[in-house]
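Peer 1: Supplied in structure tokens, the structure appears directly below.
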Amino acid sequence: MHLKPLYKSSEVKAYWDVPVFAEHEHLPQNRVDATFIDHKEKVIVLEMSCPWMDNWAQKGEEKSRKYGPLRWKLKQPYPGYLVKQHSIRIDVLGVWSREVDLSMRELFGDRGGEILRRMQKLSSRTRRV
């Protein structure tokens, strides 16, 4: 399945793997997996990864620092909007944290758990040799 870089409706715009460009600043990390602009004054930055178990916490902190300037830049065209990053990390054995569970429920409501289980199945299939 090929994803389009932009999906939009009257309520939201969703960008998939589209870089954010800054006119006067250098953004070393300008591309996240997805960015959602909800016209109810919310911007969601979505980053997904599959880290090894022993560097789980390190990856979370790294992703937050890495995309901090990008979150700041996204506030510029949307003053007054809440800009929030969700890091969806499912480790190589298919385990995720409570934080990921809460993020998925915030993003997808009651379907969040089921979506995580599907992602878990997909991640285990891609590791098989």
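Ordered as shown in the structure tokens, chains take letters A, B, and onward, while each chain numbers its residues from 1 and ligands are numbered from 1 in the order shown.
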Please identify the strand (DSSP E or B) residues within region 29-113 of chain A (assignment by DSSP from backbone atoms) and present them as a list of chain:residue names.
Peer 2: A:Ala34, A:Thr35, A:Phe36, A:Ile37, A:Asp38, A:Lys42, A:Val43, A:Ile44, A:Val45, A:Leu46, A:Glu47, A:Met48, A:Ser49, A:Leu82, A:Val83, A:Lys84, A:Gln85, A:His86, A:Ser87, A:Ile88, A:Arg89
Peer 1: To one decimal place in Å, what is the distance between CA of Lys42 (chain A) and CA of Lys63 (chain A)?
Peer 2: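 Distance reported for this atom pair: 20.0 Å.
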Peer 1: Compare A:Ile90, A:Val12, A:Ile37, A:Leu82 by their minimum atom-to-atom distance to Ser49 (chain A), counting only C-alpha atoms, and give me the closest one.
Peer 2: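 The shortest atom-to-atom distance to Ser49 (chain A) comes from A:Ile90.
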Peer 1: Quick one: of A:Asp33, A:Asp54, A:Glu62, A:Glu11, who's nearest to Val92 (chain A), counting only C-alpha atoms?
Peer 2: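 Among the listed residues, the smallest separation from Val92 (chain A) belongs to A:Asp54.
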Peer 1: In terms of the shortest atom-to-atom distance over only C-alpha atoms, which of A:Arg65, A:Lys40, A:Lys75, A:Arg89 is closest to Met53 (chain A)?
Peer 2: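 Once distances to Met53 (chain A) are computed over only C-alpha atoms, the minimum belongs to A:Arg89.
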Peer 1: Give me, please, the distance in Å between CA of Tyr81 (chain A) and CA of Ile44 (chain A), quoted to one decimal.
Peer 2: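 Distance reported for this atom pair: 10.0 Å.
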Peer 1: Skip Lys4 (chain A) itself and residues of its chain fewer than 4 positions away, then list as a CSV table (one decimal) with C-alpha atoms, in the first residue's frame all residues within 12 Å of it, counting only C-alpha atoms.
Peer 2:
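This went into selection_2.csv:
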```
chain,number,residue,atom,x,y,z
A,8,LYS,CA,-7.0,16.6,4.4
A,14,ALA,CA,-2.5,14.7,7.9
A,15,TYR,CA,1.0,14.7,6.5
A,16,TRP,CA,2.9,11.4,6.1
A,17,ASP,CA,6.7,11.5,6.0
A,18,VAL,CA,6.7,15.1,4.8
A,34,ALA,CA,3.4,11.8,10.6
```
Peer 1: How many Å separate CA of Tyr67 (chain A) from CA of Val83 (chain A)?
Peer 2: 11.6 Å
Peer 1: So that I can check the secondary structure, give me every residue of chain A assigned helix (DSSP H, G or I) by backbone DSSP, as a PyMOL selection string.
Peer 2: chain A and resi 53-66+68-75+98-127
Peer 1: Would you mind listing what lies within 12 Å of Trp96 (chain A) as a list in words, with only C-alpha atoms counted and same-chain residues fewer than 4 positions away left out?
Peer 2: Met48, Ser49, Cys50, Pro51, Trp52, Met53, Trp56, Ala57, Gly60, Ser87, Ile88, Arg89, Ile90, Asp91, Val92, Val100, Asp101, Leu102, Ser103, Met104, Gly113, Leu116, Arg117, Met119, Gln120 and Ser123 of chain A
Peer 1: Could the residues in this selection be written to a file with C-alpha atoms, as a PDB file, in the first residue's frame?
Peer 2:
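Now in out.pdb:
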```pdb
ATOM      1  CA  MET A  48       7.321   5.475  15.500  1.00  0.00           C
ATOM      2  CA  SER A  49      10.285   3.232  16.250  1.00  0.00           C
ATOM      3  CA  CYS A  50      11.220  -0.333  17.137  1.00  0.00           C
ATOM      4  CA  PRO A  51      14.155  -0.084  19.599  1.00  0.00           C
ATOM      5  CA  TRP A  52      16.088  -2.866  21.292  1.00  0.00           C
ATOM      6  CA  MET A  53      14.876  -3.613  24.814  1.00  0.00           C
ATOM      7  CA  TRP A  56      14.138   1.683  25.384  1.00  0.00           C
ATOM      8  CA  ALA A  57      14.343   4.645  27.790  1.00  0.00           C
ATOM      9  CA  GLY A  60      12.470   7.896  24.214  1.00  0.00           C
ATOM     10  CA  SER A  87       6.437   8.514  20.341  1.00  0.00           C
ATOM     11  CA  ILE A  88       5.049   5.087  19.527  1.00  0.00           C
ATOM     12  CA  ARG A  89       7.763   2.603  20.477  1.00  0.00           C
ATOM     13  CA  ILE A  90       7.198  -1.126  20.219  1.00  0.00           C
ATOM     14  CA  ASP A  91      10.391  -2.992  21.076  1.00  0.00           C
ATOM     15  CA  VAL A  92      11.826  -5.813  19.010  1.00  0.00           C
ATOM     16  CA  VAL A 100       2.499   4.208  24.486  1.00  0.00           C
ATOM     17  CA  ASP A 101      -0.805   2.633  25.490  1.00  0.00           C
ATOM     18  CA  LEU A 102      -2.059   5.983  26.811  1.00  0.00           C
ATOM     19  CA  SER A 103      -0.870   7.809  23.674  1.00  0.00           C
ATOM     20  CA  MET A 104      -2.672   5.350  21.416  1.00  0.00           C
ATOM     21  CA  GLY A 113      -5.363  -1.140  22.022  1.00  0.00           C
ATOM     22  CA  LEU A 116      -1.283  -1.606  18.936  1.00  0.00           C
ATOM     23  CA  ARG A 117      -1.923  -5.357  18.742  1.00  0.00           C
ATOM     24  CA  MET A 119       1.233  -3.169  14.949  1.00  0.00           C
ATOM     25  CA  GLN A 120       2.737  -5.801  17.248  1.00  0.00           C
ATOM     26  CA  SER A 123       6.556  -5.940  13.725  1.00  0.00           C
TER      27      SER A 123
END
```
Peer 1: Using only C-alpha atoms, which residue out of A:Pro19, A:Glu106, A:Lys13, A:Asn55 lies closest to Lys73 (chain A)?
Peer 2: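 Among the listed residues, the smallest separation from Lys73 (chain A) belongs to A:Pro19.
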Peer 1: I'd like to know which of A:Arg118, A:Lys59, A:Lys84, A:Lys66 is closest to Val45 (chain A), using only C-alpha atoms.
Peer 2: A:Lys84
